[in-house]
Amino acid sequence: MLQGPVEISGAKNASLPELAASLLTTEEVVLERVPRVKDVETMLELLLELGAEVHTGEKIRIRAQEIGGEPREELFSAMRASVLILGPLLARSGMGEILWPGGCSIGKRPIDFHLDALKKMGAEIQQEGSRIKARAKRLKGERIRFPRITVTGTENIMMAATLAKGETLIENPAREPEVKDLALLLQKMGAEIGWEKDGLHIEGKESLGGAQHRVIPDRIEAGTFLVIGALSSSFLLLKNVYPGHLTAVFQKAKEAGVDFDIGENWIEVRGGSSFRSLILETEEYPGFPTDMQAQMMVLLCFAEGESRIKENIFPERFRHAYELKKMGADVEILQGKAIIRNVRKLKGTTVKATDLRASASLVIAGLVAEGKTVIEDIFHLKRGYEDFFGKLRKIGAEIREE
Ligand code: EPU
């Protein structure tokens, strides 16, 4: 039985583009509530190796007075979000260079939308092996329509457009809270950005200034603890949450019979013993997030009857399912879809974490499984959850790292 308060950290996926945005100005950018996770460390190292001054503490202060330098290759291969420095570098200095970004293995993750949009804005892009070089005297504002909605693509182009000549319109922007939070920071830096019905309008400026900003709470961490609370006969109080960002998750949790209440900035969740099956599809915001799919799958292992999940964002993002099966889960995967049938229990065994959210799902499964679960390659979890084990231990979980 787990019990107690859990303080939700700042959002990783808002912090990463916001740290990259510091490259757009010579002045200081100060960010509060940045989570101490591996991906943030990687981004900070990238900024350092690009010549920025970085001070970490309660707040993170970055000043990129001059930029230049070639960051080490492993910083790019460690994290897909490294692509987020390309737009700001190019817009600020007329030149940006990155190496092909790596990251979680959740299926194909191309960056063609980013590159095509920058080309449309006047960039010349060359690819030599894994090196991508972009050049443009000054980017020009353009009308951009991505072939499909992209989160980091929208962020990269929005940042590039803040210093372009003229207006950029992104016709089908991602509207995730993290994208909106980045827009807010950029506005504080002096950017002219407007969310309209027809898309995201950005009027380019000659330069941007410094700003101070508090990162939004991590909705995926909150959702992860909601599932933990539901499954582990707990009584958890999740603090520092923006419930408005979790509407689709709440809707599905309610439908599944999870017992919780929501306040202005908190969620109270009580453990349950029976859940209802769901039909679930991952979608762009405000739909159900792909980043909550793996965690929800564990809950659905305990739901009466048969549940179905269709993964529309990353159709191959089901590697956790094969690990859950080793623990006794009854899951079938077929072409971007999962069928999950009720099992009375999961049993502890040795499983392998394959990506960030898969790791979280295996920890959840391990918490509720009979016996001991050993999760290998758990380093993936540290890329995106701040002090996850510390938080779990505080509410009574038995977890040991070796
Ligand atoms: N896509 C392309 N070409 C591109 C870009 C995207 O084909 O150039 C496709 C992708 O393959 C995917 C779809 O478009 O099928 C949407 O991908 P998107 O670009 O939105 O994903 P992302 O920006 O790479 C961010 C988050 C992910 C999250 C997705 C979807 C960050 C740093 N990452 O990735 O977060 O799953 O949006 O919401 O913001 C995580 O935190 O665990 C994580 C993987």
# chains A, B, ... in the order shown; residues from 1 in each chain; ligands from 1
call {"tool": "residues_near_ligand", "arguments": {"ligand": "ligand 1", "cutoff": "9 Å", "atoms": "only C-alpha atoms and all ligand atoms", "output": "PyMOL selection string"}}
result
chain A and resi 12-17+39+79-82+84+103-116+146-155+174+176+178-179+220+283-285+289-292+312-315+355-358+383-384
call {"tool": "residues_around", "arguments": {"residues": "A:Gly69", "least_positions_apart": "5", "cutoff": "8 Å", "atoms": "only C-alpha atoms", "output": "MDAnalysis selection string"}}
result
chainID A and resid 49:51
call {"tool": "residues_around", "arguments": {"residues": "stretch 125-131 of chain A", "least_positions_apart": "4", "cutoff": "12 Å", "atoms": "only C-alpha atoms", "output": "list in words"}}
result
Glu70, Pro71, Arg72, Glu73, Phe76, Ser77, Val83, Leu86, Leu90, Gly94, Met95, Gly96, Glu97, Ile98, Leu99, Trp100, Pro101, Gly102, Asp112, His114, Leu115, Asp116, Ala117, Leu118, Lys119, Lys120, Met121, Arg135 and Ala136 of chain A
call {"tool": "residues_around", "arguments": {"residues": "A:Glu28", "least_positions_apart": "4", "cutoff": "7 Å", "atoms": "only C-alpha atoms", "output": "PyMOL selection string"}}
result
chain A and resi 61-63+210-211
call {"tool": "write_last_selection", "arguments": {"atoms": "N, CA and C atoms", "output": "compact mmCIF listing (two decimals), in the first residue's frame"}}
result
# COMPACT_ATOMS: atom_id res chain seq x y z
N ARG A 61 20.26 29.37 -15.17
CA ARG A 61 20.54 30.63 -15.87
C ARG A 61 21.44 30.34 -17.05
N ILE A 62 21.04 30.82 -18.22
CA ILE A 62 21.85 30.59 -19.41
C ILE A 62 22.08 31.90 -20.13
N ARG A 63 23.32 32.10 -20.52
CA ARG A 63 23.60 33.28 -21.33
C ARG A 63 24.47 32.84 -22.51
N GLY A 210 16.39 38.79 -22.98
CA GLY A 210 16.36 37.78 -21.92
C GLY A 210 14.97 37.68 -21.31
N ALA A 211 14.76 36.69 -20.48
CA ALA A 211 13.46 36.52 -19.81
C ALA A 211 13.60 35.55 -18.66
call {"tool": "atom_distance", "arguments": {"atom1": "atom CA of A:Arg400", "atom2": "atom CA of A:Leu362"}}
result
14.3 Å
call {"tool": "select_by_dssp", "arguments": {"residues": "stretch 96-250 of chain A", "states": "strand (DSSP E or B)", "output": "VMD selection string"}}
result
chain A and resid 96 to 99 124 to 128 131 to 135 140 143 to 144 165 167 to 170 192 to 196 199 to 203 211 to 214 217 235 to 239
call {"tool": "residues_around", "arguments": {"residues": "stretch 189-201 of chain A", "least_positions_apart": "6", "cutoff": "6 Å", "atoms": "only C-alpha atoms", "output": "list in words"}}
result
Thr162, Thr168, Leu169, Ile170, Glu171, Asn172, Leu208, Gly209, Gly210 and Ala211 of chain A
call {"tool": "write_last_selection", "arguments": {"atoms": "N, CA and C atoms", "output": "compact mmCIF listing (two decimals), in the first residue's frame"}}
result
# COMPACT_ATOMS: atom_id res chain seq x y z
N THR A 162 10.99 33.30 -35.01
CA THR A 162 10.99 34.51 -34.17
C THR A 162 12.04 35.52 -34.66
N THR A 168 5.65 34.25 -40.30
CA THR A 168 5.53 32.81 -40.56
C THR A 168 4.16 32.36 -40.05
N LEU A 169 3.52 31.52 -40.83
CA LEU A 169 2.27 30.93 -40.37
C LEU A 169 2.44 29.41 -40.39
N ILE A 170 2.35 28.79 -39.23
CA ILE A 170 2.34 27.32 -39.19
C ILE A 170 0.87 26.91 -39.16
N GLU A 171 0.43 26.30 -40.25
CA GLU A 171 -1.01 26.10 -40.41
C GLU A 171 -1.58 24.98 -39.53
N ASN A 172 -0.76 23.96 -39.29
CA ASN A 172 -1.26 22.87 -38.43
C ASN A 172 -0.26 22.63 -37.29
N LEU A 208 15.96 39.20 -29.98
CA LEU A 208 15.14 38.92 -28.79
C LEU A 208 15.98 39.22 -27.55
N GLY A 209 15.29 39.38 -26.43
CA GLY A 209 16.00 39.69 -25.18
C GLY A 209 15.89 38.56 -24.18
N GLY A 210 16.39 38.79 -22.98
CA GLY A 210 16.36 37.78 -21.92
C GLY A 210 14.97 37.68 -21.31
N ALA A 211 14.76 36.69 -20.48
CA ALA A 211 13.46 36.52 -19.81
C ALA A 211 13.60 35.55 -18.66
call {"tool": "residues_around", "arguments": {"residues": "A:Met297", "least_positions_apart": "5", "cutoff": "10 Å", "atoms": "only C-alpha atoms", "output": "PDB file with C-alpha atoms, in the first residue's frame"}}
result
ATOM      1  CA  VAL A 227      -1.955   5.014 -12.693  1.00  0.00           C
ATOM      2  CA  LEU A 278     -11.252   0.585 -22.584  1.00  0.00           C
ATOM      3  CA  LEU A 280      -8.213   3.844 -26.527  1.00  0.00           C
ATOM      4  CA  MET A 292       0.822   7.667 -21.376  1.00  0.00           C
ATOM      5  CA  PHE A 302      -6.356  -5.626 -14.663  1.00  0.00           C
ATOM      6  CA  ALA A 303      -9.524  -4.382 -16.381  1.00  0.00           C
ATOM      7  CA  SER A 307      -9.266  -3.591 -24.028  1.00  0.00           C
ATOM      8  CA  ARG A 308      -7.908  -2.195 -27.235  1.00  0.00           C
ATOM      9  CA  ILE A 309      -5.228   0.414 -27.827  1.00  0.00           C
ATOM     10  CA  PHE A 318       4.759  -1.356 -28.070  1.00  0.00           C
ATOM     11  CA  HIS A 320       6.863  -2.709 -23.298  1.00  0.00           C
ATOM     12  CA  ALA A 321       4.047  -5.103 -24.213  1.00  0.00           C
ATOM     13  CA  LEU A 324       4.733  -7.198 -19.754  1.00  0.00           C
ATOM     14  CA  ALA A 329       0.164 -10.064 -19.191  1.00  0.00           C
ATOM     15  CA  VAL A 331      -1.398  -8.734 -24.743  1.00  0.00           C
ATOM     16  CA  ALA A 338      -2.806  -3.884 -28.950  1.00  0.00           C
ATOM     17  CA  ILE A 339      -5.464  -6.159 -27.514  1.00  0.00           C
ATOM     18  CA  ILE A 340      -5.195  -6.498 -23.759  1.00  0.00           C
ATOM     19  CA  SER A 361       5.214   0.983 -17.250  1.00  0.00           C
ATOM     20  CA  ALA A 365       3.935  -3.492 -13.243  1.00  0.00           C
TER      21      ALA A 365
END
call {"tool": "atom_distance", "arguments": {"atom1": "atom CA of A:Cys301", "atom2": "atom CA of A:Asp330"}}
result
7.2 Å
call {"tool": "residues_around", "arguments": {"residues": "A:Thr26", "least_positions_apart": "3", "cutoff": "7 Å", "atoms": "only C-alpha atoms", "output": "list in words"}}
result
Arg63, Ala64, Gln65 and Glu66 of chain A
call {"tool": "write_last_selection", "arguments": {"atoms": "all heavy atoms", "output": "short mmCIF file (atom, residue, chain, number, x, y, z; two decimals), in the first residue's frame"}}
result
data_model
loop_
_atom_site.label_atom_id
_atom_site.label_comp_id
_atom_site.auth_asym_id
_atom_site.auth_seq_id
_atom_site.Cartn_x
_atom_site.Cartn_y
_atom_site.Cartn_z
N ARG A 63 23.32 32.10 -20.52
CA ARG A 63 23.60 33.28 -21.33
C ARG A 63 24.47 32.84 -22.51
O ARG A 63 25.59 32.41 -22.34
CB ARG A 63 24.34 34.32 -20.49
CG ARG A 63 24.42 35.62 -21.18
CD ARG A 63 25.16 36.63 -20.33
NE ARG A 63 25.18 37.86 -21.07
CZ ARG A 63 24.70 39.01 -20.62
NH1 ARG A 63 24.18 39.06 -19.42
NH2 ARG A 63 24.75 40.09 -21.34
N ALA A 64 23.88 32.97 -23.68
CA ALA A 64 24.59 32.55 -24.90
C ALA A 64 25.04 33.80 -25.63
O ALA A 64 24.52 34.15 -26.69
CB ALA A 64 23.67 31.70 -25.78
N GLN A 65 26.02 34.48 -25.02
CA GLN A 65 26.45 35.76 -25.60
C GLN A 65 27.08 35.55 -26.97
O GLN A 65 26.80 36.27 -27.91
CB GLN A 65 27.44 36.42 -24.66
CG GLN A 65 27.53 37.90 -24.89
CD GLN A 65 27.97 38.60 -23.63
OE1 GLN A 65 28.53 37.99 -22.72
NE2 GLN A 65 27.70 39.89 -23.55
N GLU A 66 27.94 34.56 -27.03
CA GLU A 66 28.50 34.20 -28.34
C GLU A 66 28.27 32.72 -28.55
O GLU A 66 28.36 31.94 -27.60
CB GLU A 66 29.99 34.48 -28.36
CG GLU A 66 30.26 35.95 -28.57
CD GLU A 66 31.72 36.29 -28.49
OE1 GLU A 66 32.52 35.48 -29.00
OE2 GLU A 66 32.03 37.33 -27.92
#
call {"tool": "atom_distance", "arguments": {"atom1": "atom CA of A:Leu246", "atom2": "atom CA of A:Asp259"}}
result
15.3 Å
call {"tool": "closest_residue", "arguments": {"among": "A:Ala11, A:Leu139, A:Glu306, A:Ile85", "to": "A:Arg33", "atoms": "only C-alpha atoms"}}
result
A:Ala11
